[in-house]
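Colleague: Dropping in query33.txt, which is compact mmCIF, C-alpha atoms and all ligand atoms:
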```txt
# COMPACT_ATOMS: atom_id res chain seq x y z
CA MET S 1 130.05 132.66 109.16
CA GLU S 2 126.34 132.98 109.96
CA PRO S 3 124.41 129.79 109.24
CA ALA S 4 122.01 130.02 106.32
CA PRO S 5 118.42 130.78 107.39
CA PRO S 6 115.99 127.86 107.52
CA ARG S 7 114.02 127.15 104.36
CA LEU S 8 110.77 128.13 106.04
CA THR S 9 108.65 127.53 102.98
CA ASP S 10 110.04 124.06 102.51
CA THR S 11 108.87 121.70 105.19
CA VAL S 12 109.74 118.05 104.84
CA ARG S 13 107.56 115.32 106.37
CA ILE S 14 109.38 112.42 107.95
CA TYR S 15 107.07 109.41 107.94
CA GLU S 16 108.30 106.92 110.52
CA VAL S 17 107.92 103.23 109.62
CA GLY S 18 110.07 101.61 112.33
CA PRO S 19 107.23 100.07 114.37
CA ARG S 20 105.71 98.48 111.24
CA ASP S 21 108.34 97.88 108.53
CA GLY S 22 111.14 97.82 111.11
CA LEU S 23 109.63 95.09 113.23
CA GLN S 24 107.84 92.98 110.60
CA ASN S 25 111.09 91.45 109.35
CA GLU S 26 112.70 90.65 112.69
CA ALA S 27 113.10 87.06 113.79
CA ALA S 28 112.31 88.01 117.39
CA LEU S 29 108.75 88.58 118.52
CA ILE S 30 108.74 91.86 120.43
CA ALA S 31 106.46 92.35 123.43
CA THR S 32 103.56 94.77 122.93
CA ASP S 33 104.79 96.89 125.87
CA ALA S 34 108.18 97.35 124.18
CA LYS S 35 106.49 98.41 120.91
CA LEU S 36 104.44 100.90 122.87
CA ARG S 37 107.57 102.35 124.48
CA TYR S 38 109.26 102.59 121.06
CA VAL S 39 106.31 104.58 119.72
CA GLU S 40 106.26 106.80 122.83
CA LEU S 41 109.94 107.62 122.24
CA LEU S 42 109.26 108.40 118.58
CA VAL S 43 106.43 110.75 119.55
CA ALA S 44 108.73 112.39 122.12
CA ALA S 45 111.29 112.92 119.34
CA GLY S 46 108.73 114.97 117.42
CA LEU S 47 107.62 112.40 114.85
CA ARG S 48 104.02 113.10 113.87
CA GLU S 49 103.35 110.31 111.36
CA ILE S 50 104.18 106.89 112.70
CA GLU S 51 103.14 103.75 110.83
CA ALA S 52 102.30 101.76 113.90
CA THR S 53 101.45 98.21 112.82
CA SER S 54 99.66 96.04 110.24
CA PHE S 55 96.26 94.41 110.20
CA VAL S 56 97.46 91.64 107.91
CA SER S 57 97.19 87.90 108.45
CA PRO S 58 99.01 86.91 111.65
CA LYS S 59 100.16 83.83 109.75
CA ALA S 60 101.86 86.04 107.15
CA ILE S 61 103.43 88.46 109.70
CA PRO S 62 103.39 86.97 113.21
CA GLN S 63 105.60 89.83 114.43
CA LEU S 64 102.63 92.23 114.21
CA ALA S 65 99.90 89.84 115.36
CA ASP S 66 99.28 92.08 118.40
CA ALA S 67 98.00 95.00 116.27
CA ASP S 68 94.51 94.81 117.82
CA ASP S 69 96.02 95.25 121.32
CA LEU S 70 98.70 97.76 120.42
CA LEU S 71 96.76 100.36 118.48
CA PRO S 72 94.27 101.42 121.22
CA ARG S 73 97.16 101.82 123.67
CA LEU S 74 99.22 104.28 121.59
CA PRO S 75 99.66 107.77 123.04
CA ASP S 76 96.88 110.11 121.98
CA ALA S 77 99.29 112.95 121.27
CA GLU S 78 98.19 116.18 119.59
CA GLY S 79 98.62 116.09 115.83
CA VAL S 80 100.03 112.56 115.67
CA ARG S 81 98.81 110.19 112.98
CA TYR S 82 99.21 106.40 113.25
CA PRO S 83 98.57 104.85 109.83
CA VAL S 84 98.21 101.07 109.78
CA LEU S 85 98.69 98.66 106.88
CA VAL S 86 95.44 97.09 105.67
CA PRO S 87 95.41 94.41 102.92
CA ASN S 88 91.69 93.55 102.72
CA GLU S 89 88.23 94.10 104.22
CA ARG S 90 89.01 91.71 107.08
CA GLY S 91 91.97 93.92 107.99
CA MET S 92 89.77 97.02 107.66
CA ALA S 93 87.23 95.62 110.12
CA ARG S 94 90.03 94.90 112.61
CA ALA S 95 91.55 98.37 112.11
CA GLU S 96 88.17 100.03 112.68
CA ALA S 97 87.55 98.00 115.84
CA ALA S 98 90.98 98.99 117.16
CA GLY S 99 90.29 102.69 116.61
CA ALA S 100 92.49 103.44 113.58
CA ARG S 101 92.04 106.81 111.86
CA ALA S 102 94.60 106.46 109.05
CA LEU S 103 95.66 103.59 106.83
CA ALA S 104 97.95 102.47 104.08
CA VAL S 105 96.97 99.98 101.40
CA PHE S 106 99.75 98.29 99.48
CA THR S 107 100.39 96.89 96.06
CA ALA S 108 103.39 96.87 93.76
CA ALA S 109 104.63 97.54 90.27
CA THR S 110 105.05 93.81 89.56
CA ASP S 111 102.67 90.85 89.75
CA ALA S 112 105.46 88.51 90.82
CA PHE S 113 106.03 90.44 94.04
CA THR S 114 102.39 91.02 94.95
CA GLU S 115 101.67 87.32 94.37
CA ARG S 116 104.39 86.34 96.87
CA ASN S 117 103.52 89.13 99.30
CA ILE S 118 99.73 88.98 99.39
CA GLY S 119 98.74 86.15 97.05
CA MET S 120 97.20 88.48 94.44
CA THR S 121 98.12 90.05 91.12
CA VAL S 122 98.48 93.84 91.08
CA LYS S 123 95.04 94.15 89.50
CA VAL S 124 93.40 91.90 92.09
CA SER S 125 95.17 93.80 94.89
CA LEU S 126 93.80 97.09 93.53
CA ASP S 127 90.34 95.51 93.43
CA ALA S 128 90.84 94.45 97.06
CA ALA S 129 91.98 97.95 98.03
CA ALA S 130 88.97 99.68 96.44
CA PRO S 131 86.31 98.85 99.09
CA VAL S 132 88.84 99.40 101.87
CA LEU S 133 89.61 102.89 100.55
CA ARG S 134 85.92 103.67 100.06
CA ARG S 135 85.15 102.71 103.64
CA ALA S 136 88.16 104.68 104.94
CA ALA S 137 87.02 107.73 102.94
CA ASP S 138 83.51 107.44 104.42
CA LEU S 139 85.07 107.38 107.88
CA GLY S 140 87.24 110.41 107.06
CA TRP S 141 90.54 108.57 107.51
CA TRP S 142 93.81 109.70 105.95
CA ARG S 143 94.78 107.23 103.22
CA ARG S 144 98.12 106.27 101.69
CA GLY S 145 98.81 103.78 98.89
CA TYR S 146 102.16 102.04 98.47
CA VAL S 147 103.64 100.98 95.16
CA SER S 148 106.34 98.48 96.14
CA THR S 149 109.11 97.29 93.80
CA ALA S 150 108.90 100.69 92.10
CA PHE S 151 112.64 100.58 91.37
CA GLY S 152 113.17 96.88 90.85
CA CYS S 153 111.66 93.49 91.70
CA PRO S 154 113.44 90.59 93.41
CA TYR S 155 111.64 88.17 91.07
CA THR S 156 111.50 89.92 87.69
CA GLY S 157 114.23 92.59 87.76
CA ALA S 158 114.08 96.07 86.29
CA VAL S 159 110.88 98.14 86.53
CA GLU S 160 110.05 100.96 84.13
CA PRO S 161 109.17 104.26 85.86
CA ALA S 162 106.04 104.47 83.69
CA ARG S 163 104.81 101.16 85.12
CA ALA S 164 105.28 102.27 88.74
CA ALA S 165 103.58 105.59 87.90
CA GLU S 166 100.64 103.78 86.27
CA VAL S 167 99.98 101.78 89.45
CA GLY S 168 100.39 104.92 91.56
CA LEU S 169 97.83 106.76 89.45
CA ARG S 170 95.39 103.90 89.85
CA LEU S 171 95.76 104.20 93.65
CA LEU S 172 95.13 107.93 93.40
CA GLU S 173 91.98 107.26 91.37
CA LEU S 174 90.89 104.87 94.13
CA GLY S 175 91.08 107.76 96.60
CA VAL S 176 94.43 107.73 98.37
CA ASP S 177 95.70 111.04 99.73
CA GLU S 178 99.29 110.08 99.02
CA VAL S 179 101.11 107.66 96.74
CA CYS S 180 104.29 106.25 98.25
CA PHE S 181 106.78 104.62 95.88
CA GLY S 182 108.82 101.92 97.60
CA ASP S 183 112.31 100.76 96.75
CA THR S 184 111.53 97.49 98.46
CA ILE S 185 114.91 95.83 97.90
CA GLY S 186 117.05 98.99 97.80
CA VAL S 187 118.28 98.88 94.21
CA GLY S 188 117.36 102.42 93.08
CA VAL S 189 119.74 105.27 92.30
CA PRO S 190 119.15 109.05 92.05
CA GLY S 191 118.63 109.11 88.27
CA GLN S 192 115.78 106.65 88.69
CA VAL S 193 114.21 108.81 91.41
CA ALA S 194 114.15 111.78 89.04
CA ALA S 195 112.77 109.62 86.22
CA LEU S 196 110.04 108.21 88.46
CA VAL S 197 108.96 111.64 89.69
CA ASP S 198 108.86 112.82 86.10
CA ALA S 199 106.77 109.82 85.00
CA ALA S 200 104.44 110.12 88.00
CA VAL S 201 103.80 113.85 87.51
CA ARG S 202 103.31 113.39 83.76
CA SER S 203 100.80 110.62 84.48
CA GLY S 204 98.77 113.04 86.61
CA ILE S 205 99.96 112.48 90.19
CA PRO S 206 100.51 115.90 91.82
CA ILE S 207 104.02 116.33 93.22
CA ASP S 208 102.69 117.11 96.71
CA ARG S 209 100.97 113.73 96.81
CA ILE S 210 104.12 111.72 96.17
CA ALA S 211 106.22 110.16 98.93
CA PHE S 212 109.26 107.89 98.83
CA HIS S 213 110.12 104.82 100.89
CA PHE S 214 113.75 103.85 100.47
CA HIS S 215 115.38 100.74 101.81
CA ASP S 216 119.11 101.26 102.26
CA THR S 217 120.21 97.83 101.12
CA ARG S 218 123.02 99.18 98.94
CA GLY S 219 123.65 102.49 100.66
CA THR S 220 121.79 104.61 98.10
CA ALA S 221 118.85 105.74 100.25
CA LEU S 222 120.16 109.16 101.31
CA ALA S 223 121.34 109.95 97.78
CA ASN S 224 117.86 109.02 96.62
CA VAL S 225 116.32 111.36 99.20
CA ALA S 226 118.50 114.18 97.87
CA ALA S 227 117.28 113.41 94.35
CA GLY S 228 113.69 113.34 95.60
CA LEU S 229 114.12 116.72 97.29
CA ASP S 230 115.60 118.16 94.10
CA ALA S 231 112.61 116.84 92.18
CA GLY S 232 110.18 118.51 94.61
CA VAL S 233 109.11 115.58 96.80
CA ARG S 234 108.64 116.53 100.47
CA CYS S 235 107.77 113.28 102.26
CA PHE S 236 110.24 110.49 103.04
CA ASP S 237 109.88 107.31 105.05
CA ALA S 238 112.48 106.20 107.54
CA SER S 239 112.94 103.83 110.45
CA ALA S 240 114.57 104.85 113.74
CA GLY S 241 117.39 102.36 114.20
CA GLY S 242 117.41 101.48 110.49
CA THR S 243 115.49 98.24 110.90
CA GLY S 244 113.14 96.96 108.25
CA GLY S 245 112.53 94.72 105.30
CA CYS S 246 109.84 92.51 103.87
CA PRO S 247 109.84 88.76 104.54
CA TYR S 248 108.41 88.26 101.03
CA ALA S 249 111.15 90.26 99.29
CA PRO S 250 114.41 88.32 99.40
CA GLY S 251 117.31 90.75 99.76
CA ALA S 252 115.25 93.50 101.38
CA ALA S 253 117.32 95.05 104.15
CA GLY S 254 116.75 97.92 106.53
CA ASN S 255 114.92 101.13 105.78
CA LEU S 256 116.72 104.40 105.57
CA ALA S 257 117.49 105.23 109.22
CA THR S 258 115.50 108.15 110.63
CA GLU S 259 118.63 109.43 112.40
CA ASP S 260 120.57 109.50 109.12
CA LEU S 261 117.71 111.32 107.39
CA VAL S 262 117.32 113.85 110.23
CA TYR S 263 121.04 114.60 110.17
CA LEU S 264 120.95 115.29 106.42
CA LEU S 265 117.84 117.48 106.69
CA ASP S 266 119.14 119.43 109.70
CA ALA S 267 122.51 120.09 108.15
CA SER S 268 120.79 121.17 104.93
CA ARG S 269 118.41 123.41 106.94
CA TRP S 270 115.13 121.82 105.98
CA VAL S 271 112.30 122.32 108.45
CA HIS S 272 110.85 119.02 109.72
CA GLY S 273 110.16 119.21 113.47
CA VAL S 274 112.04 116.09 114.51
CA ASP S 275 114.74 116.13 117.16
CA LEU S 276 117.90 114.13 116.37
CA GLU S 277 118.76 113.39 119.98
CA GLY S 278 115.25 112.07 120.58
CA VAL S 279 115.41 109.88 117.48
CA LEU S 280 118.71 108.44 118.70
CA VAL S 281 117.10 107.57 122.04
CA ALA S 282 114.36 105.69 120.15
CA ALA S 283 116.88 104.06 117.81
CA ARG S 284 119.01 102.84 120.73
CA PHE S 285 115.91 101.52 122.44
CA ALA S 286 114.90 99.60 119.28
CA ALA S 287 118.39 98.12 118.90
CA ALA S 288 118.57 97.12 122.57
CA THR S 289 115.09 95.57 122.41
CA LEU S 290 116.12 93.54 119.37
CA GLY S 291 119.42 92.62 121.04
CA LYS S 292 121.48 94.11 118.21
CA PRO S 293 124.12 96.84 118.01
CA LEU S 294 122.86 100.12 116.54
CA ALA S 295 124.51 99.89 113.12
CA THR S 296 123.29 103.10 111.45
CA LYS S 297 125.77 105.78 110.42
CA VAL S 298 124.54 108.57 112.71
CA GLY S 299 123.67 105.99 115.37
CA GLN S 300 127.37 105.21 115.56
CA ALA S 301 128.94 108.60 114.88
CA GLY S 302 126.35 110.80 116.61
CA GLY S 303 125.40 114.21 115.27
CA TRP S 304 127.81 117.07 114.73
CA ASP S 305 127.79 120.54 116.20
CA PRO S 306 128.92 123.20 113.71
CA ALA S 307 129.46 125.65 116.60
CA THR S 308 132.15 123.52 118.26
CA GLY S 309 133.21 121.14 115.50
CA ARG S 310 132.50 118.25 117.85
CA GLU S 311 130.19 115.28 117.69
CA LYS S 312 127.01 115.44 119.75
CA PHE S 313 124.44 112.95 121.04
CA ARG S 314 126.91 110.10 120.69
CA ALA S 315 126.08 107.18 123.02
P1 LIG X 1 95.57 84.59 102.03
O1 LIG X 1 96.04 83.40 102.80
O2 LIG X 1 95.64 84.52 100.54
O3 LIG X 1 94.11 85.07 102.44
O4 LIG X 1 96.35 85.86 102.55
P2 LIG X 1 92.79 84.37 102.71
O5 LIG X 1 91.74 85.40 102.47
O6 LIG X 1 92.74 83.07 101.96
O7 LIG X 1 92.87 84.07 104.28
C1 LIG X 1 93.71 83.10 104.82
C2 LIG X 1 93.62 83.17 106.33
O8 LIG X 1 94.08 84.45 106.78
C3 LIG X 1 92.20 83.03 106.84
O9 LIG X 1 92.29 82.48 108.14
C4 LIG X 1 91.76 84.47 106.98
O10 LIG X 1 90.74 84.66 107.94
C5 LIG X 1 93.02 85.13 107.48
P3 LIG X 1 92.09 80.89 108.37
O11 LIG X 1 90.73 80.59 107.80
O12 LIG X 1 93.18 80.20 107.61
O13 LIG X 1 92.20 80.76 109.85
N1 LIG X 1 93.08 86.54 107.14
C6 LIG X 1 93.30 87.51 108.03
N2 LIG X 1 93.48 87.47 109.36
C7 LIG X 1 93.67 88.65 109.98
N3 LIG X 1 93.72 89.83 109.33
C8 LIG X 1 93.54 89.90 108.01
C9 LIG X 1 93.32 88.70 107.31
N4 LIG X 1 93.12 88.42 106.01
C10 LIG X 1 92.96 87.10 105.92
N5 LIG X 1 93.59 91.08 107.38
C11 LIG X 1 96.69 88.19 102.91
C12 LIG X 1 96.14 87.13 101.98
C13 LIG X 1 96.73 89.49 102.16
C14 LIG X 1 95.76 88.29 104.09
C15 LIG X 1 98.10 87.73 103.39
O14 LIG X 1 98.89 87.37 102.28
C16 LIG X 1 98.79 88.80 104.16
O15 LIG X 1 98.35 89.19 105.23
N6 LIG X 1 99.93 89.32 103.65
C17 LIG X 1 100.63 90.40 104.29
C18 LIG X 1 102.02 90.49 103.80
C19 LIG X 1 102.71 91.67 104.42
O16 LIG X 1 102.28 92.24 105.41
N7 LIG X 1 103.87 92.03 103.83
C20 LIG X 1 104.66 93.12 104.32
C21 LIG X 1 104.03 94.46 104.10
S1 LIG X 1 104.33 95.12 102.49
C22 LIG X 1 105.91 95.86 102.62
O17 LIG X 1 106.59 95.62 103.56
C23 LIG X 1 106.36 96.82 101.59
C24 LIG X 1 106.33 98.28 102.07
O18 LIG X 1 107.15 98.46 103.20
C25 LIG X 1 106.81 99.21 100.95
C26 LIG X 1 108.13 98.78 100.32
O19 LIG X 1 109.11 98.50 101.04
O20 LIG X 1 108.17 98.77 99.07
C27 LIG X 1 104.91 98.72 102.44
MG MG X 2 109.35 98.64 103.19
```
The structure in this file should be written as structure tokens.

Modeller:
Amino acid sequence: MEPAPPRLTDTVRIYEVGPRDGLQNEAALIATDAKLRYVELLVAAGLREIEATSFVSPKAIPQLADADDLLPRLPDAEGVRYPVLVPNERGMARAEAAGARALAVFTAATDAFTERNIGMTVKVSLDAAAPVLRRAADLGWWRRGYVSTAFGCPYTGAVEPARAAEVGLRLLELGVDEVCFGDTIGVGVPGQVAALVDAAVRSGIPIDRIAFHFHDTRGTALANVAAGLDAGVRCFDASAGGTGGCPYAPGAAGNLATEDLVYLLDASRWVHGVDLEGVLVAARFAAATLGKPLATKVGQAGGWDPATGREKFRA
């Protein structure tokens, strides 16, 4: 049987968060040179949006304290964007000095989480993001805004989709190009994804400015991607090697693995520009650097070749 033609009108963006979310929660401090190599491998795999690091307090996230050194050394590859996390004007000044051209600000649906994460209520964090986003707009940077705990909070429990949407809309009003809803502790299920998209679009956030960031704590991330695709969302975050988590969100485990996402998208014939074999090289490098086995599904099983019925790219 002939394979179905690619869905040429439906391109999916894979937004890689391994170097930032993946490394921020690791006990080990990784050398800057190893981070650089990880990013180089991600670029070689075809990833074009790579969240590279954070300009947060080095006391809060010592794992990314080398952001000022790392960012200027990243490969200047054609069409590649390296957003960096910026929590305040101090972080913005550092990001500017390091040569950033894209950023992500971050808040959440719940005060309890933002207070633990950045010592601010949601409202105060939005006030802190406002001048950062204004400055980034003046500089012509691409701007993303995260709404963490959009599916549930480790401190206060269930979150209404309307609440997550309300915070997302506020970020949009502050000038972000894209609102990314985060399932910080990986509790969401597909029905919630559909409900959140519905609430977000009804609130006034255009569908093409919504992205999702799923942690795979309970194995629901890929199902949630499928629900997001069905609902019309075309940007998903993932981490090569499946690392990730937030030190201020107890129970947060790894992000959806980029290799698992790429397998799903390839087999479903979505166009995305990322090469599975290349992602597996990066994922294996990340695991080896962290001294851990590569525990992701496709990392272990490899891909699968429909022409031969055999696995491919298995280590
Ligand atoms: P604070 O202690 O309340 O801030 O931290 P402060 O203004 O009182 O400053 C305290 C010290 O930090 C001062 O230094 C400042 O200069 C310094 P000292 O006088 O003590 O020597 N400082 C900074 N240094 C460097 N860069 C900066 C900076 N800001 C202050 N930008 C702050 C407030 C927001 C800074 C802190 O809480 C922080 O950095 N938090 C970051 C937490 C974080 O990165 N969490 C993980 C990312 S969010 C996430 O993972 C979720 C996501 O993946 C989506 C999802 O999964 O849902 C995005
Ligand atoms: Mg995260």

Colleague: Restricting the calculation to only C-alpha atoms, which member of S:Gly91, S:Pro83, S:Gly278, S:Gly244 is positioned closest to Asp68 (chain S)?

Modeller: S:Gly91

Colleague: Would you write out, as a tab-separated table, a table of all residues in chain S that have an atom no more than 7 Å from an atom of ligand LIG 1 (chain X), listing for each the closest atom pair and the distance in Å to one decimal, considering all atoms listed in the file and ordering rows by chain and rising residue number?

Modeller:
```
residue	atom	partner	partner_atom	distance
S:Asp21	CA	X:LIG1	O18	5.5
S:Ser54	CA	X:LIG1	O16	6.7
S:Phe55	CA	X:LIG1	N5	5.1
S:Val56	CA	X:LIG1	O15	3.7
S:Ser57	CA	X:LIG1	O15	3.7
S:Pro58	CA	X:LIG1	C7	5.9
S:Lys59	CA	X:LIG1	O8	6.8
S:Ala60	CA	X:LIG1	O15	5.1
S:Ile61	CA	X:LIG1	O16	5.8
S:Val86	CA	X:LIG1	N5	6.5
S:Pro87	CA	X:LIG1	C13	5.2
S:Asn88	CA	X:LIG1	N5	5.6
S:Glu89	CA	X:LIG1	N5	6.9
S:Arg90	CA	X:LIG1	N5	4.6
S:Gly91	CA	X:LIG1	N5	3.3
S:Phe106	CA	X:LIG1	C27	6.0
S:Asn117	CA	X:LIG1	C18	4.9
S:Ile118	CA	X:LIG1	O14	3.4
S:Gly119	CA	X:LIG1	O2	4.9
S:Tyr146	CA	X:LIG1	C27	5.9
S:Val147	CA	X:LIG1	O20	6.4
S:Ser148	CA	X:LIG1	O20	3.5
S:Thr149	CA	X:LIG1	O20	5.6
S:Phe181	CA	X:LIG1	O20	6.8
S:Gly182	CA	X:LIG1	O20	3.5
S:Asp183	CA	X:LIG1	O20	5.1
S:Thr184	CA	X:LIG1	O20	3.6
S:His213	CA	X:LIG1	C26	6.4
S:His215	CA	X:LIG1	O19	6.7
S:Gly245	CA	X:LIG1	O17	6.3
S:Cys246	CA	X:LIG1	O17	4.5
S:Pro247	CA	X:LIG1	C20	6.8
S:Tyr248	CA	X:LIG1	N7	6.5
```

Colleague: Take CA of Val271 (chain S) and CA of Thr11 (chain S) and report the distance between them in Å, one decimal.

Modeller: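 So the answer is 4.8 Å.
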
Colleague: Of the candidates S:Val122, S:Ala282, S:Leu23, S:Ala97, which shows the shortest atom-to-atom distance to ligand MG 2 (chain X), using only C-alpha atoms and all ligand atoms?

Modeller: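 Distance minimum relative to ligand MG 2 (chain X) lands on S:Leu23.
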
Colleague: Applying 7 Å and only C-alpha atoms, which residues near Ala112 (chain S) remain after dropping the ones on its own chain fewer than 4 positions away? List them as a ChimeraX atom specification.

Modeller: /S:116,155-156

Colleague: One number please: CA of Asp177 (chain S) to CA of Met92 (chain S), in Å, one decimal.

Modeller: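 It comes out at 17.2 Å.
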
Colleague: Between S:Phe214, S:Trp141, S:Phe151, S:Tyr38, which has the minimum distance to ligand MG 2 (chain X) (counting only C-alpha atoms and all ligand atoms)?

Modeller: S:Phe214

Colleague: Rounded to one decimal, what separation in Å do you get between CA of Pro154 (chain S) and CA of Ile185 (chain S)?

Modeller: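 These two atoms are separated by 7.1 Å.
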
Colleague: Tell me which protein, DNA and RNA residues are within 12 Å of Phe212 (chain S), counting all atoms listed in the file, leaving out same-chain ones fewer than 3 positions away, and put them as a PyMOL selection string.

Modeller: chain S and resi 12-17+144-151+168+178-184+186+188+193-194+196-197+207-209+215+221-222+224-229+231-238+255-256

Colleague: Selected residues, C-alpha atoms, written as a short mmCIF file (atom, residue, chain, number, x, y, z; two decimals), in the coordinates of the input, please.

Modeller:
```cif
data_model
loop_
_atom_site.label_atom_id
_atom_site.label_comp_id
_atom_site.auth_asym_id
_atom_site.auth_seq_id
_atom_site.Cartn_x
_atom_site.Cartn_y
_atom_site.Cartn_z
CA VAL S 12 109.74 118.05 104.84
CA ARG S 13 107.56 115.32 106.37
CA ILE S 14 109.38 112.42 107.95
CA TYR S 15 107.07 109.41 107.94
CA GLU S 16 108.30 106.92 110.52
CA VAL S 17 107.92 103.23 109.62
CA ARG S 144 98.12 106.27 101.69
CA GLY S 145 98.81 103.78 98.89
CA TYR S 146 102.16 102.04 98.47
CA VAL S 147 103.64 100.98 95.16
CA SER S 148 106.34 98.48 96.14
CA THR S 149 109.11 97.29 93.80
CA ALA S 150 108.90 100.69 92.10
CA PHE S 151 112.64 100.58 91.37
CA GLY S 168 100.39 104.92 91.56
CA GLU S 178 99.29 110.08 99.02
CA VAL S 179 101.11 107.66 96.74
CA CYS S 180 104.29 106.25 98.25
CA PHE S 181 106.78 104.62 95.88
CA GLY S 182 108.82 101.92 97.60
CA ASP S 183 112.31 100.76 96.75
CA THR S 184 111.53 97.49 98.46
CA GLY S 186 117.05 98.99 97.80
CA GLY S 188 117.36 102.42 93.08
CA VAL S 193 114.21 108.81 91.41
CA ALA S 194 114.15 111.78 89.04
CA LEU S 196 110.04 108.21 88.46
CA VAL S 197 108.96 111.64 89.69
CA ILE S 207 104.02 116.33 93.22
CA ASP S 208 102.69 117.11 96.71
CA ARG S 209 100.97 113.73 96.81
CA HIS S 215 115.38 100.74 101.81
CA ALA S 221 118.85 105.74 100.25
CA LEU S 222 120.16 109.16 101.31
CA ASN S 224 117.86 109.02 96.62
CA VAL S 225 116.32 111.36 99.20
CA ALA S 226 118.50 114.18 97.87
CA ALA S 227 117.28 113.41 94.35
CA GLY S 228 113.69 113.34 95.60
CA LEU S 229 114.12 116.72 97.29
CA ALA S 231 112.61 116.84 92.18
CA GLY S 232 110.18 118.51 94.61
CA VAL S 233 109.11 115.58 96.80
CA ARG S 234 108.64 116.53 100.47
CA CYS S 235 107.77 113.28 102.26
CA PHE S 236 110.24 110.49 103.04
CA ASP S 237 109.88 107.31 105.05
CA ALA S 238 112.48 106.20 107.54
CA ASN S 255 114.92 101.13 105.78
CA LEU S 256 116.72 104.40 105.57
#
```

Colleague: Which residues are near Thr53 (chain S)? Cut-off 9 Å, all atoms listed in the file, ignore same chain within fewer than 3 positions. Put them as a PyMOL selection string.

Modeller: chain S and resi 17+19-21+23-24+64-67+70-71+82-85
